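Note: the block below is upload25.txt and it holds compact mmCIF, C-alpha atoms.
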# COMPACT_ATOMS: atom_id res chain seq x y z
CA MET A 28 22.74 29.76 -25.27
CA LYS A 29 24.71 29.03 -22.08
CA GLU A 30 24.28 32.65 -20.96
CA MET A 31 20.52 31.98 -20.67
CA TYR A 32 21.31 29.71 -17.69
CA PRO A 33 22.39 30.78 -14.17
CA LYS A 34 26.09 30.72 -13.30
CA ASN A 35 25.14 29.56 -9.82
CA GLY A 36 21.99 27.60 -9.17
CA ARG A 37 19.82 25.15 -11.06
CA VAL A 38 17.08 25.14 -13.68
CA ILE A 39 14.36 22.65 -12.75
CA LEU A 40 11.30 21.62 -14.74
CA HIS A 41 8.23 19.95 -13.30
CA VAL A 42 6.29 18.13 -16.02
CA ASP A 43 2.71 17.33 -15.02
CA MET A 44 0.36 15.48 -17.36
CA ASN A 45 -3.11 17.04 -17.62
CA SER A 46 -6.07 14.87 -16.58
CA PHE A 47 -3.80 11.94 -17.37
CA PHE A 48 -6.09 8.89 -17.34
CA ALA A 49 -8.84 10.68 -19.25
CA SER A 50 -6.34 12.12 -21.74
CA VAL A 51 -4.89 8.65 -22.42
CA GLU A 52 -8.38 7.31 -23.13
CA MET A 53 -8.94 10.19 -25.57
CA ALA A 54 -5.63 9.46 -27.30
CA TYR A 55 -6.67 5.82 -27.64
CA ASP A 56 -10.18 6.70 -28.85
CA PRO A 57 -10.23 10.17 -30.52
CA SER A 58 -14.04 10.08 -30.70
CA LEU A 59 -14.00 10.90 -26.95
CA LYS A 60 -12.21 14.22 -27.49
CA GLY A 61 -14.17 17.31 -26.54
CA LYS A 62 -16.69 15.22 -24.57
CA PRO A 63 -17.24 15.04 -20.81
CA LEU A 64 -15.37 11.88 -19.80
CA ALA A 65 -14.76 10.32 -16.40
CA ILE A 66 -12.70 7.34 -15.29
CA ALA A 67 -14.47 5.51 -12.47
CA GLY A 68 -13.26 2.74 -10.18
CA ASN A 69 -16.40 0.70 -10.74
CA ALA A 70 -18.14 2.01 -13.84
CA ALA A 71 -20.75 -0.77 -13.79
CA GLU A 72 -22.21 0.44 -10.51
CA ARG A 73 -23.74 3.81 -9.72
CA ARG A 74 -21.96 3.76 -6.37
CA GLY A 75 -18.55 3.71 -8.08
CA ILE A 76 -16.18 6.63 -7.47
CA ILE A 77 -14.75 9.05 -10.06
CA VAL A 78 -10.97 8.57 -10.28
CA THR A 79 -10.35 11.46 -12.69
CA CYS A 80 -12.25 13.36 -15.36
CA SER A 81 -11.70 15.49 -18.45
CA TYR A 82 -11.74 19.28 -18.37
CA GLU A 83 -15.04 19.18 -20.28
CA ALA A 84 -16.55 17.21 -17.38
CA ARG A 85 -15.07 19.58 -14.79
CA LYS A 86 -17.01 22.47 -16.33
CA PHE A 87 -20.18 20.76 -15.08
CA GLY A 88 -18.77 20.45 -11.55
CA VAL A 89 -17.67 16.81 -11.82
CA LYS A 90 -14.76 16.15 -9.43
CA THR A 91 -12.40 13.38 -8.36
CA THR A 92 -13.82 11.08 -5.59
CA MET A 93 -17.39 12.07 -6.52
CA PRO A 94 -19.79 9.09 -6.75
CA ILE A 95 -21.02 8.25 -10.26
CA TRP A 96 -24.66 8.95 -9.44
CA GLU A 97 -23.83 12.49 -8.34
CA ALA A 98 -21.59 13.12 -11.37
CA LYS A 99 -24.34 11.89 -13.70
CA LYS A 100 -26.80 14.22 -12.00
CA LEU A 101 -24.51 17.18 -12.71
CA CYS A 102 -23.66 16.01 -16.24
CA PRO A 103 -26.22 13.59 -17.75
CA GLU A 104 -24.08 13.23 -20.91
CA LEU A 105 -21.04 12.10 -18.89
CA ILE A 106 -19.21 9.15 -20.46
CA ILE A 107 -17.91 6.66 -17.87
CA LYS A 108 -14.90 4.43 -18.64
CA PRO A 109 -13.23 1.87 -16.34
CA PRO A 110 -9.51 2.45 -15.62
CA ASN A 111 -6.98 0.66 -17.84
CA PHE A 112 -3.75 0.76 -15.86
CA GLU A 113 -1.71 -1.19 -18.41
CA ARG A 114 -2.54 1.51 -20.95
CA TYR A 115 -1.63 4.28 -18.49
CA ARG A 116 1.70 2.64 -17.62
CA ALA A 117 2.59 2.40 -21.31
CA ALA A 118 1.74 6.09 -21.81
CA SER A 119 3.83 6.96 -18.75
CA LYS A 120 6.82 5.11 -20.19
CA GLY A 121 6.41 7.08 -23.40
CA MET A 122 6.32 10.38 -21.56
CA PHE A 123 9.44 9.65 -19.50
CA ALA A 124 11.26 8.38 -22.60
CA ILE A 125 10.76 11.81 -24.16
CA LEU A 126 12.01 13.61 -21.04
CA LYS A 127 15.20 11.56 -21.01
CA ASN A 128 16.12 12.94 -24.43
CA TYR A 129 17.01 16.25 -22.76
CA THR A 130 18.78 15.12 -19.57
CA ASN A 131 19.57 11.99 -17.56
CA LEU A 132 18.48 13.86 -14.43
CA VAL A 133 14.83 12.86 -14.54
CA GLU A 134 13.07 11.94 -11.30
CA PRO A 135 9.64 10.31 -11.62
CA VAL A 136 7.29 11.37 -8.84
CA SER A 137 4.27 9.35 -9.92
CA ILE A 138 2.87 7.74 -13.06
CA ASP A 139 2.05 11.15 -14.57
CA GLU A 140 4.59 13.66 -13.27
CA GLY A 141 8.32 14.12 -12.83
CA TYR A 142 11.15 16.58 -12.24
CA MET A 143 13.99 17.38 -14.65
CA ASP A 144 17.26 19.19 -13.96
CA ILE A 145 18.15 20.90 -17.27
CA THR A 146 20.97 23.09 -15.93
CA GLU A 147 23.46 21.43 -18.32
CA SER A 148 21.00 21.02 -21.20
CA TYR A 149 21.68 24.39 -22.87
CA GLU A 150 22.57 22.67 -26.16
CA PHE A 151 18.81 22.13 -26.62
CA GLY A 152 18.01 25.82 -26.24
CA SER A 153 16.84 28.15 -23.51
CA PRO A 154 14.74 26.76 -20.60
CA ILE A 155 11.52 28.05 -22.16
CA GLU A 156 12.47 26.56 -25.56
CA ILE A 157 13.15 23.17 -23.93
CA ALA A 158 9.80 23.30 -22.13
CA GLU A 159 8.00 24.18 -25.37
CA SER A 160 9.82 21.38 -27.20
CA ILE A 161 8.89 18.80 -24.52
CA GLN A 162 5.27 19.90 -24.47
CA LYS A 163 5.07 19.79 -28.28
CA ARG A 164 6.69 16.34 -28.54
CA ILE A 165 4.47 14.78 -25.88
CA LEU A 166 1.44 16.22 -27.66
CA GLU A 167 2.54 15.16 -31.16
CA GLN A 168 3.96 11.73 -30.33
CA LEU A 169 1.55 10.63 -27.59
CA ASP A 170 -1.40 12.95 -28.23
CA LEU A 171 -1.29 13.90 -24.54
CA PRO A 172 -1.35 17.41 -22.97
CA CYS A 173 0.93 18.48 -20.14
CA SER A 174 1.76 21.57 -18.09
CA ILE A 175 5.33 22.51 -17.22
CA GLY A 176 6.76 24.65 -14.44
CA ILE A 177 10.21 26.25 -14.79
CA ALA A 178 11.99 27.36 -11.60
CA PRO A 179 15.28 27.30 -9.66
CA ASN A 180 14.14 24.40 -7.43
CA LYS A 181 11.67 21.51 -7.20
CA PHE A 182 9.13 23.21 -4.94
CA LEU A 183 8.79 26.31 -7.10
CA ALA A 184 8.69 24.21 -10.29
CA LYS A 185 5.82 22.15 -8.84
CA MET A 186 3.91 25.29 -7.81
CA ALA A 187 4.49 26.78 -11.28
CA SER A 188 3.20 23.74 -13.18
CA ASP A 189 -0.11 23.98 -11.29
CA MET A 190 -0.70 27.59 -12.33
CA GLN A 191 -1.72 27.06 -15.94
CA LYS A 192 -3.70 23.97 -16.89
CA PRO A 193 -4.10 22.48 -19.40
CA LEU A 194 -1.11 22.96 -21.72
CA GLY A 195 0.49 25.76 -19.73
CA ILE A 196 4.14 26.72 -19.30
CA THR A 197 4.91 28.92 -16.27
CA ILE A 198 8.21 30.44 -15.13
CA LEU A 199 8.46 31.14 -11.40
CA ARG A 200 11.54 33.02 -10.21
CA LYS A 201 12.48 33.76 -6.60
CA ARG A 202 11.80 37.45 -7.17
CA ASP A 203 8.22 36.53 -8.14
CA ILE A 204 7.45 34.86 -4.80
CA PRO A 205 6.17 37.90 -2.81
CA HIS A 206 3.55 38.94 -5.39
CA VAL A 207 2.74 35.51 -6.93
CA LEU A 208 2.90 32.96 -4.08
CA TRP A 209 2.52 34.86 -0.84
CA PRO A 210 -1.05 36.10 -1.42
CA LEU A 211 -2.28 32.50 -1.97
CA HIS A 212 -4.10 30.63 0.81
CA VAL A 213 -1.74 28.27 2.61
CA ASN A 214 -3.73 25.17 1.59
CA GLU A 215 -2.85 25.97 -2.06
CA MET A 216 0.80 25.32 -1.23
CA HIS A 217 2.32 22.00 -2.31
CA GLY A 218 2.99 19.94 0.81
CA VAL A 219 0.23 21.51 2.92
CA GLY A 220 -2.91 19.43 3.27
CA GLN A 221 -6.20 20.41 4.84
CA LYS A 222 -5.22 19.05 8.25
CA THR A 223 -1.94 21.02 8.29
CA ALA A 224 -3.72 24.15 7.05
CA GLU A 225 -6.19 23.86 9.95
CA LYS A 226 -3.30 23.57 12.43
CA LEU A 227 -1.54 26.60 10.92
CA LYS A 228 -4.75 28.61 11.22
CA THR A 229 -4.62 28.17 15.02
CA ILE A 230 -1.44 30.31 15.13
CA GLY A 231 -2.73 32.93 12.71
CA ILE A 232 -1.27 31.60 9.46
CA SER A 233 -3.73 31.74 6.56
CA THR A 234 -1.56 32.66 3.53
CA ILE A 235 1.75 31.37 2.16
CA GLY A 236 3.19 34.80 2.99
CA ASP A 237 2.16 34.37 6.63
CA LEU A 238 3.97 31.02 6.67
CA ALA A 239 7.13 32.51 5.15
CA LYS A 240 7.27 35.10 7.97
CA ALA A 241 6.15 32.79 10.79
CA ASN A 242 7.96 32.26 14.09
CA ASP A 243 10.32 29.26 13.98
CA VAL A 244 9.66 28.18 17.57
CA GLN A 245 5.88 28.25 17.07
CA LEU A 246 6.14 26.28 13.85
CA LYS A 247 8.42 23.64 15.32
CA THR A 248 6.15 23.24 18.35
CA LEU A 249 3.11 22.85 16.10
CA LEU A 250 4.50 20.71 13.24
CA GLY A 251 7.97 19.56 14.27
CA ILE A 252 10.82 19.76 11.78
CA ASN A 253 8.29 19.76 8.95
CA GLY A 254 7.14 23.20 10.08
CA ILE A 255 10.60 24.66 9.46
CA ARG A 256 10.80 22.88 6.11
CA LEU A 257 7.46 24.32 5.03
CA LYS A 258 8.55 27.82 6.06
CA GLU A 259 11.69 27.47 3.92
CA ARG A 260 9.61 26.35 0.94
CA ALA A 261 7.23 29.29 1.42
CA GLY A 262 10.31 31.52 1.19
CA GLY A 263 11.41 29.78 -2.02
CA ILE A 264 14.13 27.61 -0.46
CA ASP A 265 14.32 23.96 -1.50
CA ARG A 266 17.70 22.21 -1.56
CA ARG A 267 16.49 18.81 -2.76
CA PRO A 268 18.35 17.63 -5.88
CA VAL A 269 16.64 15.97 -8.83
CA ASP A 270 17.72 12.39 -8.19
CA PRO A 271 16.76 9.61 -10.65
CA GLU A 272 17.83 7.02 -8.07
CA SER A 273 16.09 8.69 -5.14
CA VAL A 274 14.98 6.08 -2.61
CA GLU A 275 16.29 7.46 0.68
CA GLU A 276 13.75 10.27 0.63
CA PHE A 277 10.93 7.75 0.53
CA LYS A 278 10.70 6.19 3.97
CA SER A 279 7.21 5.10 3.02
CA ILE A 280 4.99 5.08 -0.04
CA GLY A 281 1.26 5.30 0.28
CA ASN A 282 -2.03 6.72 -0.90
CA SER A 283 -5.23 7.74 0.85
CA THR A 284 -8.59 9.11 -0.20
CA THR A 285 -11.43 10.91 1.52
CA LEU A 286 -14.60 9.07 0.56
CA PRO A 287 -17.41 10.97 -1.20
CA ARG A 288 -19.70 10.01 1.67
CA ASP A 289 -19.41 8.06 4.91
CA ILE A 290 -19.40 4.38 3.91
CA SER A 291 -20.28 1.38 6.06
CA ASN A 292 -20.68 -1.21 3.28
CA GLN A 293 -17.73 -3.63 3.41
CA GLN A 294 -17.72 -4.39 -0.32
CA GLU A 295 -17.59 -0.67 -1.18
CA LEU A 296 -14.66 -0.25 1.20
CA TYR A 297 -12.97 -3.21 -0.48
CA HIS A 298 -13.39 -1.49 -3.88
CA VAL A 299 -11.68 1.62 -2.49
CA LEU A 300 -8.81 -0.47 -1.08
CA GLU A 301 -8.32 -2.15 -4.47
CA SER A 302 -8.02 1.25 -6.15
CA LEU A 303 -5.56 2.46 -3.49
CA ALA A 304 -3.54 -0.76 -3.80
CA GLU A 305 -3.16 -0.17 -7.54
CA THR A 306 -1.75 3.32 -6.96
CA VAL A 307 0.62 2.18 -4.19
CA SER A 308 1.83 -0.71 -6.37
CA VAL A 309 2.57 1.64 -9.28
CA ARG A 310 4.51 3.98 -6.98
CA LEU A 311 6.54 1.13 -5.48
CA LYS A 312 7.40 -0.13 -8.97
CA ARG A 313 8.28 3.38 -10.11
CA LYS A 314 10.86 3.61 -7.31
CA ASN A 315 12.00 -0.01 -7.76
CA VAL A 316 11.29 -0.79 -4.11
CA LEU A 317 9.24 -3.30 -2.13
CA ALA A 318 7.53 -2.89 1.24
CA GLU A 319 8.35 -5.10 4.21
CA THR A 320 5.50 -3.63 6.29
CA LEU A 321 2.00 -2.74 5.13
CA GLY A 322 -0.32 -0.41 6.99
CA ILE A 323 -3.84 0.94 6.59
CA THR A 324 -5.42 4.14 7.89
CA ILE A 325 -9.12 4.26 8.83
CA ARG A 326 -10.83 7.54 9.66
CA TYR A 327 -14.36 7.33 10.98
CA LYS A 328 -17.34 9.65 10.66
CA ASP A 329 -16.46 11.25 14.03
CA ARG A 330 -12.90 11.93 12.68
CA LYS A 331 -11.35 9.33 14.99
CA THR A 332 -8.39 7.90 13.08
CA ILE A 333 -6.57 4.60 13.58
CA THR A 334 -3.55 3.14 11.79
CA ARG A 335 -2.72 -0.55 11.86
CA SER A 336 0.17 -2.36 10.18
CA ARG A 337 1.59 -5.83 9.67
CA LYS A 338 5.25 -6.83 9.32
CA LEU A 339 5.53 -9.21 6.36
CA ALA A 340 7.60 -12.37 5.97
CA ASN A 341 8.30 -11.45 2.34
CA PRO A 342 8.45 -7.89 0.92
CA ILE A 343 5.64 -7.08 -1.51
CA GLN A 344 4.99 -4.83 -4.49
CA LYS A 345 2.12 -6.38 -6.49
CA LYS A 346 -1.32 -4.76 -6.29
CA GLU A 347 -3.05 -8.11 -5.64
CA GLU A 348 -0.89 -8.79 -2.57
CA ILE A 349 -1.27 -5.23 -1.29
CA ALA A 350 -5.05 -5.31 -1.75
CA TRP A 351 -5.39 -8.73 -0.07
CA LEU A 352 -3.38 -7.69 2.98
CA ALA A 353 -5.16 -4.33 3.23
CA LYS A 354 -8.52 -6.12 3.22
CA GLN A 355 -7.27 -8.50 5.95
CA LEU A 356 -6.23 -5.52 8.09
CA LEU A 357 -9.56 -3.79 7.49
CA GLN A 358 -11.50 -6.92 8.37
CA LYS A 359 -9.56 -7.29 11.60
CA HIS A 360 -9.51 -3.69 12.81
CA TRP A 361 -12.63 -2.01 11.38
CA ASN A 362 -15.30 -1.61 14.06
CA GLY A 363 -18.19 -1.42 11.58
CA ASP A 364 -18.84 2.32 11.95
CA PRO A 365 -19.14 4.53 8.84
CA VAL A 366 -15.72 5.29 7.30
CA ARG A 367 -14.77 8.74 5.98
CA LEU A 368 -11.17 8.09 4.80
CA LEU A 369 -9.09 5.04 3.85
CA GLY A 370 -5.36 4.82 3.18
CA ILE A 371 -2.71 2.21 2.40
CA THR A 372 1.00 2.72 3.11
CA GLY A 373 4.05 0.58 2.50
CA PHE A 374 6.82 0.97 5.11
CA ASP A 375 10.35 -0.40 5.60
CA LEU A 376 11.14 -0.07 1.90
CA VAL A 377 13.90 -2.18 0.36
CA GLU A 378 15.39 -1.78 -3.09
CA GLN A 379 14.30 -4.41 -5.57
CA HIS A 380 17.77 -5.90 -6.06
CA GLN A 381 18.26 -6.15 -2.29
CA ALA A 382 14.90 -7.72 -1.49
CA TYR A 383 15.53 -11.11 0.09
CA LYS A 384 12.73 -13.60 -0.15
CA GLN A 385 12.31 -15.64 3.00
CA LEU A 386 11.02 -18.97 1.79
CA ASP A 387 8.05 -20.57 3.45
CA LEU A 388 6.96 -24.20 3.10
CA PHE A 389 4.53 -23.35 0.30
CA SER A 390 7.08 -21.66 -1.97
CA TYR A 391 10.12 -23.74 -1.07
CA GLU A 392 9.76 -26.43 -3.75
CA LYS A 393 9.03 -23.93 -6.54
CA GLU A 394 11.94 -21.71 -5.54
CA ALA A 395 14.33 -24.62 -5.04
CA LYS A 396 13.95 -25.56 -8.70
CA LYS A 397 15.29 -22.12 -9.60
CA GLU A 398 18.37 -22.50 -7.39
CA PRO A 399 20.82 -23.43 -10.23
CA LEU A 400 19.64 -20.39 -12.18
CA PHE A 401 19.99 -18.14 -9.12
CA LYS A 402 23.55 -19.36 -8.59
CA THR A 403 24.47 -18.53 -12.18
CA LEU A 404 22.87 -15.09 -11.93
CA SER A 405 24.69 -14.42 -8.67
CA GLN A 406 28.04 -15.32 -10.23
CA LEU A 407 27.38 -13.07 -13.25
CA ARG A 408 26.38 -10.15 -11.04
CA GLU A 409 29.47 -10.53 -8.87
CA LYS A 410 31.66 -10.45 -11.98
CA PHE A 411 29.88 -7.83 -14.12
CA GLY A 412 27.67 -5.83 -11.71
CA LYS A 413 24.21 -6.18 -10.22
CA THR A 414 22.33 -4.91 -13.30
CA ILE A 415 23.93 -7.24 -15.86
CA ILE A 416 20.85 -9.51 -15.82
CA GLU A 417 17.49 -8.72 -14.29
CA THR A 418 14.25 -10.63 -13.98
CA ALA A 419 11.39 -9.80 -16.31
CA GLY A 420 9.43 -8.33 -13.40
CA ALA A 421 12.12 -5.73 -12.83
CA HIS A 422 11.22 -4.16 -16.17
CA GLN A 423 7.52 -3.73 -15.63
CA ILE A 424 7.84 -0.01 -15.03
CA ASP A 425 11.52 0.66 -15.51
CA GLN A 426 12.03 4.05 -17.14
CA THR A 427 14.93 2.76 -19.24
CA ASP A 428 12.74 0.09 -20.79
CA TYR A 429 11.30 2.14 -23.62
CA ILE A 430 9.01 0.99 -26.38
CA GLY A 431 10.69 2.02 -29.61
CA THR A 432 12.92 5.08 -29.87
CA SER A 433 12.32 8.74 -29.19
CA THR A 434 11.72 9.35 -32.88
CA SER A 435 9.40 6.44 -33.64
CA PHE A 436 7.45 6.35 -30.37
CA ASN A 437 3.87 7.50 -30.87
CA LYS A 438 0.33 6.82 -29.68
CA ASP A 439 0.17 3.61 -31.74
CA PHE A 440 1.69 1.91 -28.69
CA LEU A 441 -1.66 2.34 -26.97
CA ARG A 442 -3.36 0.08 -29.48
CA THR A 443 -0.57 -2.50 -29.31
CA ASN A 444 -0.81 -2.47 -25.54
CA GLN A 445 -4.58 -2.92 -25.69
CA HIS A 446 -4.35 -5.95 -27.98
CA GLN A 447 -1.88 -7.58 -25.59
CA GLN A 448 -4.18 -6.96 -22.66
CA GLU A 449 -7.31 -8.27 -24.32
Structure rendered as structure tokens:
Amino acid sequence: MKEMYPKNGRVILHVDMNSFFASVEMAYDPSLKGKPLAIAGNAAERRGIIVTCSYEARKFGVKTTMPIWEAKKLCPELIIKPPNFERYRAASKGMFAILKNYTNLVEPVSIDEGYMDITESYEFGSPIEIAESIQKRILEQLDLPCSIGIAPNKFLAKMASDMQKPLGITILRKRDIPHVLWPLHVNEMHGVGQKTAEKLKTIGISTIGDLAKANDVQLKTLLGINGIRLKERAGGIDRRPVDPESVEEFKSIGNSTTLPRDISNQQELYHVLESLAETVSVRLKRKNVLAETLGITIRYKDRKTITRSRKLANPIQKKEEIAWLAKQLLQKHWNGDPVRLLGITGFDLVEQHQAYKQLDLFSYEKEAKKEPLFKTLSQLREKFGKTIIETAGAHQIDQTDYIGTSTSFNKDFLRTNQHQQE
């Protein structure tokens, strides 16, 4: 089987869960299968926003960020469910537990996607056999669909996984790039957003092929070093390794959303910030980092954009803290005009085990009581290593903290998780 793998180069998989939140709800409640289902940030109110939806709902034109009233107009039979992030985290742990059966080189990107380097995993079969096995196990054990891209690097694997959804497996080789990738519009390329696509259009770049053949000086003038990086990716070059411990690459972690309409109601903006805070918190926990600076982005109806940030006394990671601070920043810096886009970003990231809590007067007494315990932990870590004992919070989203084993893990965990939450 080793001859099925390259002598030089890597074999990378990108595993992307299909309509993840909606699929988890269907696994938990099979009666929802085959029905148009949407997860909404505030299901009780018609002004709530669609977070994700099932493929059955998409057939009616229902889309992410669409307000509930508009989605219901397109699909009167649409079932609306509130998000259950504890359930989604548990499903995510299950998915990554399965991936780690094939290689230790698994890099989570978000709650529902990750990269795998299977170059040395030939004992499990050919790359396509491994992808089929992963897809089958996730479907059988968790009752969740996924798409998988197979390629020689992370960029091409990501592009491949997007090509067949749901339940697709796509191989994308470098020799396929000219006829598969290059004809695509540049905004279909991973890493190119609408704003970047608009900038590229000003220098005559409309397809990925145009970008691959673009002038280096023009690109660097327009987009800086990122322009050269995007050109390399368009040509199929991506040297990034799959790194389970990757932190350096993440100078910041954030999330933003374009609102379904221009909003000037403060409470609605607060709801959006709460949803963004949840996503940012999950991503910080996934990378085992905390943010020492928190920033928000506000884009107004006239496209004027401002960013404001606050340096924090203590690094944060919890969604409640992120949401509270984001609301404070909005309250202070929002001018009251209709808002088109909101974003939250954590900067100055520190690894969880390095985060140093600067005590204030309020927390001093509570923390002082823990001092004997902290001393003992410190001594144990010095003698046996920093991971010998960790706090319970460090395991909230740790990929090594699996529920059950790879053979016994199945969708029953969803029900267990639900009982604990309720």
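You can rank A:Ser50, A:Ser279, A:Ser188, A:Thr197 by their closest distance to A:Leu169 using all atoms listed in the file, and at the top of that list sits A:Ser50.
Near A:Glu347, within 12 Å and counting all atoms listed in the file, sit Leu300, Glu301, Ser302, Leu303, Ala304, Glu305, Thr306, Val307, Ser308, Val309, Ile343, Trp351, Leu352, Ala353 and Lys354 of chain A; same-chain residues fewer than 4 positions away were not included.
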**OP:** Could you tell me how far atom CA of A:Lys312 lies from atom CA of A:Asp375, in Å and to one decimal?
**Re:** 14.9 Å
**OP:** Would you mind telling me which residue in A:Ile106, A:Ile333, A:Ile280, A:Leu357 lies nearest to A:Ala49 when using only C-alpha atoms?
**Re:** A:Ile106
Original post:
So, counting all atoms listed in the file, which residue among A:Gly363, A:Gly231, A:Gly36, A:Gly262 is closest to A:Met216?
Top reply: A:Gly262
Original post:
Quick one: residues within 8 Å of stretch 39-42 of chain A, only C-alpha atoms counted, chain neighbours fewer than 6 positions away excluded, as a list in words?
Top reply: Glu140, Gly141, Tyr142, Met143, Asp144, Ile145, Thr146, Ala158, Cys173, Ser174, Ile175, Gly176, Ile177, Ala178, Pro179, Asn180, Lys181, Ala184, Lys185 and Ser188 of chain A
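Atom pair atom CA of A:Lys34 / atom CA of A:Tyr149: separated by 12.3 Å.
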Give me, as CSV, each residue of stretch 60-120 of chain A that comes within 12 Å of stretch 125-137 of chain A, together with its shortest interatomic pair and the distance in Å at one decimal, counting all atoms listed in the file, with rows ordered by chain and rising residue number.
residue,atom,partner,partner_atom,distance
A:Tyr115,CA,A:Ser137,CA,11.6
A:Arg116,CA,A:Ser137,CA,10.5
A:Ala118,CA,A:Ile125,CA,10.9
A:Ser119,CA,A:Ser137,CA,9.2
A:Lys120,CA,A:Ile125,CA,8.7
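With distances restricted to only C-alpha atoms, A:Ile138 is the closest residue to A:Asp43 from A:Ile138, A:Ile252, A:Leu368, A:Leu246.
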Just want the 12 Å neighbourhood of stretch 96-104 of chain A, counted on all atoms listed in the file, with same-chain residues fewer than 4 positions away dropped. Output as a PDB file with C-alpha atoms, in the frame of the given file.
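In the end it all went to selection34.pdb:
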ATOM      1  CA  LEU A  59     -14.000  10.900 -26.950  1.00  0.00           C
ATOM      2  CA  LYS A  62     -16.690  15.220 -24.570  1.00  0.00           C
ATOM      3  CA  PRO A  63     -17.240  15.040 -20.810  1.00  0.00           C
ATOM      4  CA  LEU A  64     -15.370  11.880 -19.800  1.00  0.00           C
ATOM      5  CA  ALA A  65     -14.760  10.320 -16.400  1.00  0.00           C
ATOM      6  CA  ILE A  66     -12.700   7.340 -15.290  1.00  0.00           C
ATOM      7  CA  ALA A  67     -14.470   5.510 -12.470  1.00  0.00           C
ATOM      8  CA  ASN A  69     -16.400   0.700 -10.740  1.00  0.00           C
ATOM      9  CA  ALA A  70     -18.140   2.010 -13.840  1.00  0.00           C
ATOM     10  CA  ALA A  71     -20.750  -0.770 -13.790  1.00  0.00           C
ATOM     11  CA  GLU A  72     -22.210   0.440 -10.510  1.00  0.00           C
ATOM     12  CA  ARG A  73     -23.740   3.810  -9.720  1.00  0.00           C
ATOM     13  CA  ARG A  74     -21.960   3.760  -6.370  1.00  0.00           C
ATOM     14  CA  GLY A  75     -18.550   3.710  -8.080  1.00  0.00           C
ATOM     15  CA  ILE A  76     -16.180   6.630  -7.470  1.00  0.00           C
ATOM     16  CA  ILE A  77     -14.750   9.050 -10.060  1.00  0.00           C
ATOM     17  CA  VAL A  78     -10.970   8.570 -10.280  1.00  0.00           C
ATOM     18  CA  THR A  79     -10.350  11.460 -12.690  1.00  0.00           C
ATOM     19  CA  CYS A  80     -12.250  13.360 -15.360  1.00  0.00           C
ATOM     20  CA  GLU A  83     -15.040  19.180 -20.280  1.00  0.00           C
ATOM     21  CA  ALA A  84     -16.550  17.210 -17.380  1.00  0.00           C
ATOM     22  CA  ARG A  85     -15.070  19.580 -14.790  1.00  0.00           C
ATOM     23  CA  LYS A  86     -17.010  22.470 -16.330  1.00  0.00           C
ATOM     24  CA  PHE A  87     -20.180  20.760 -15.080  1.00  0.00           C
ATOM     25  CA  GLY A  88     -18.770  20.450 -11.550  1.00  0.00           C
ATOM     26  CA  VAL A  89     -17.670  16.810 -11.820  1.00  0.00           C
ATOM     27  CA  LYS A  90     -14.760  16.150  -9.430  1.00  0.00           C
ATOM     28  CA  THR A  91     -12.400  13.380  -8.360  1.00  0.00           C
ATOM     29  CA  THR A  92     -13.820  11.080  -5.590  1.00  0.00           C
ATOM     30  CA  PRO A 287     -17.410  10.970  -1.200  1.00  0.00           C
ATOM     31  CA  ARG A 288     -19.700  10.010   1.670  1.00  0.00           C
TER      32      ARG A 288
END
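Across A:Ala241, A:Ile325, A:Leu369, A:Ala187, the tightest approach to A:Arg200 is made by A:Ala187 when counting all atoms listed in the file.
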Need the axis-aligned box for stretch 260-272 of chain A with 6 Å each side, so what are the centre and edges in Å to one decimal, as JSON?
{"center_x": 12.8, "center_y": 19.3, "center_z": -4.6, "size_x": 23.1, "size_y": 36.5, "size_z": 24.1}
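Distances to A:Glu156 were evaluated for A:Ala224, A:Val269, A:Leu211, A:Ile196 using all atoms listed in the file, and the minimum falls at A:Ile196.
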Subject >> Residue neighbourhood A:Gly263, 9 Å, all atoms listed in the file, exclusion window fewer than 2 positions, as a ChimeraX atom specification >> reply: /A:179-180,182-183,200-201,204,239,258-261,265
If you keep C-alpha atoms, can you produce a file of those selected residues as a CSV table (one decimal), in the coordinates of the input?
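Result saved to out.csv:
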chain,number,residue,atom,x,y,z
A,179,PRO,CA,15.3,27.3,-9.7
A,180,ASN,CA,14.1,24.4,-7.4
A,182,PHE,CA,9.1,23.2,-4.9
A,183,LEU,CA,8.8,26.3,-7.1
A,200,ARG,CA,11.5,33.0,-10.2
A,201,LYS,CA,12.5,33.8,-6.6
A,204,ILE,CA,7.4,34.9,-4.8
A,239,ALA,CA,7.1,32.5,5.2
A,258,LYS,CA,8.6,27.8,6.1
A,259,GLU,CA,11.7,27.5,3.9
A,260,ARG,CA,9.6,26.4,0.9
A,261,ALA,CA,7.2,29.3,1.4
A,265,ASP,CA,14.3,24.0,-1.5
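Taking atom CA of A:Leu339 and atom CA of A:Phe374 as endpoints, the distance between them is 10.3 Å.
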**OP:** Take the point (-10.8, 12.4, 8.2) as written in the file and pick out every residue within 9 Å of it, counting all atoms listed in the file; give the list as JSON, numbers by chain.
**Re:** {"A": [222, 285, 325, 326, 327, 328, 329, 330, 331, 332, 366, 367, 368, 369]}
**OP:** Up to 6 Å from (10.2, -6.3, 0.4) in the file's coordinates: name the residues, counting all atoms listed in the file, as a ChimeraX atom specification.
**Re:** /A:317-319,341-343,377,382
